[in-house]
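Data block below; observations after.
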Amino acid sequence: MGLDRGTDRRQIQLLQAQRQLTDAEAQLVALRISLETQRLTQAGVVAQVRSQSLSPEFTKVDNGLTLVDTYDVSFAGYGGDRIRAWLAVPAGTSGPVPCVVEYPGYGGGRGLPHDLLLYAAAGYAHLFL
């Protein structure tokens with residue numbers, strides 16, 4: 001009888017292990033489906049954003065400086081919401097120059113134009129969102 005109980009226990013343990021493996025496989029399949037759905041959703045959002053016009057607007061601001069020109073910039077973001085930025089460039093710039101794009105995040109805001117003179121004074125364009 002002891003042999004039968006041991007065999008029964010092993011069979012029960014084996015069945016429990018198989019059930020756990022089946023549960024883990026189901027979770028893995030669900031995770032794969034979730035990740036694929038997320039990827040497709042992100043791809044759709046990216047395609048939507050790429051298809052919309054940015055409608056950029058550049059308005060020169062009188063900053064009272066002779067070495068730096070400043071522009072109030074806005075363009076369409078996700079869902080058409082306007083994104084505001086400052087663009088500081090070396091005064092009189094008419095052609096391409098290297099550009100530093102700075103995005104401090106939502107909490108900081110874009111500050112004032114006079115806060116952004118360093119890069120433009122060094123010959124770079126500086127777009128600060």
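Labeling convention for the structure tokens: chains A, B, ... as they appear, residues from 1 per chain, ligands from 1 in order of appearance.
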Residues at most 10 Å from A:Gly92, counting only C-alpha atoms, excluding those fewer than 5 positions away in the same chain, as a ChimeraX atom specification? /A:66-69
Contacts of stretch 100-113 of chain A within 6 Å, only C-alpha atoms, excl. fewer than 3 positions in-chain, as number ranges by chain: A: 116, 126-129
Selected residues written out with N, CA and C atoms, as a CSV table (one decimal), in the first residue's frame:
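File written: part-v8.csv
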```
chain,number,residue,atom,x,y,z
A,116,LEU,N,17.7,81.7,-22.5
A,116,LEU,CA,18.2,80.7,-23.5
A,116,LEU,C,19.2,81.3,-24.4
A,126,HIS,N,18.9,76.9,-30.9
A,126,HIS,CA,18.4,76.3,-29.6
A,126,HIS,C,16.9,76.3,-29.6
A,127,LEU,N,16.3,75.1,-29.7
A,127,LEU,CA,14.9,75.0,-29.6
A,127,LEU,C,14.5,74.4,-28.3
A,128,PHE,N,13.8,75.2,-27.5
A,128,PHE,CA,13.5,74.9,-26.1
A,128,PHE,C,12.0,74.7,-26.0
A,129,LEU,N,11.5,73.5,-25.8
A,129,LEU,CA,10.1,73.2,-25.7
A,129,LEU,C,9.6,73.4,-24.3
```
A:Gln20, A:Thr93, A:Gln52, A:Gln11: which is nearest A:Ala76, counting only C-alpha atoms?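 Result for the nearest residue to A:Ala76: A:Gln52.
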Residues of chain A in helix (DSSP H, G or I) according to DSSP, as a PyMOL selection string? chain A and resi 2-51+78-80+113-115+118-121
Extract, using only C-alpha atoms, all DNA, RNA and protein residues at most 9 Å from A:Tyr119, discarding same-chain residues fewer than 2 positions from it, and format them as a list of chain:residue names. A:Ala88, A:Val89, A:Pro90, A:Cys99, A:Val100, A:Leu116, A:Leu117, A:Ala121, A:Ala122, A:Gly123, A:Tyr124, A:Ala125, A:His126
In Å, with one decimal, what is the gap from atom CA of A:Asp81 to atom CA of A:Lys60?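 Rounded to one decimal, the two atoms are 21.5 Å apart.
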Nearest residue to A:Asp72 from the set A:Leu40, A:Val45, A:Ala85, A:Leu28 (distances using only C-alpha atoms):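 Closest residue, counting only C-alpha atoms: A:Ala85.
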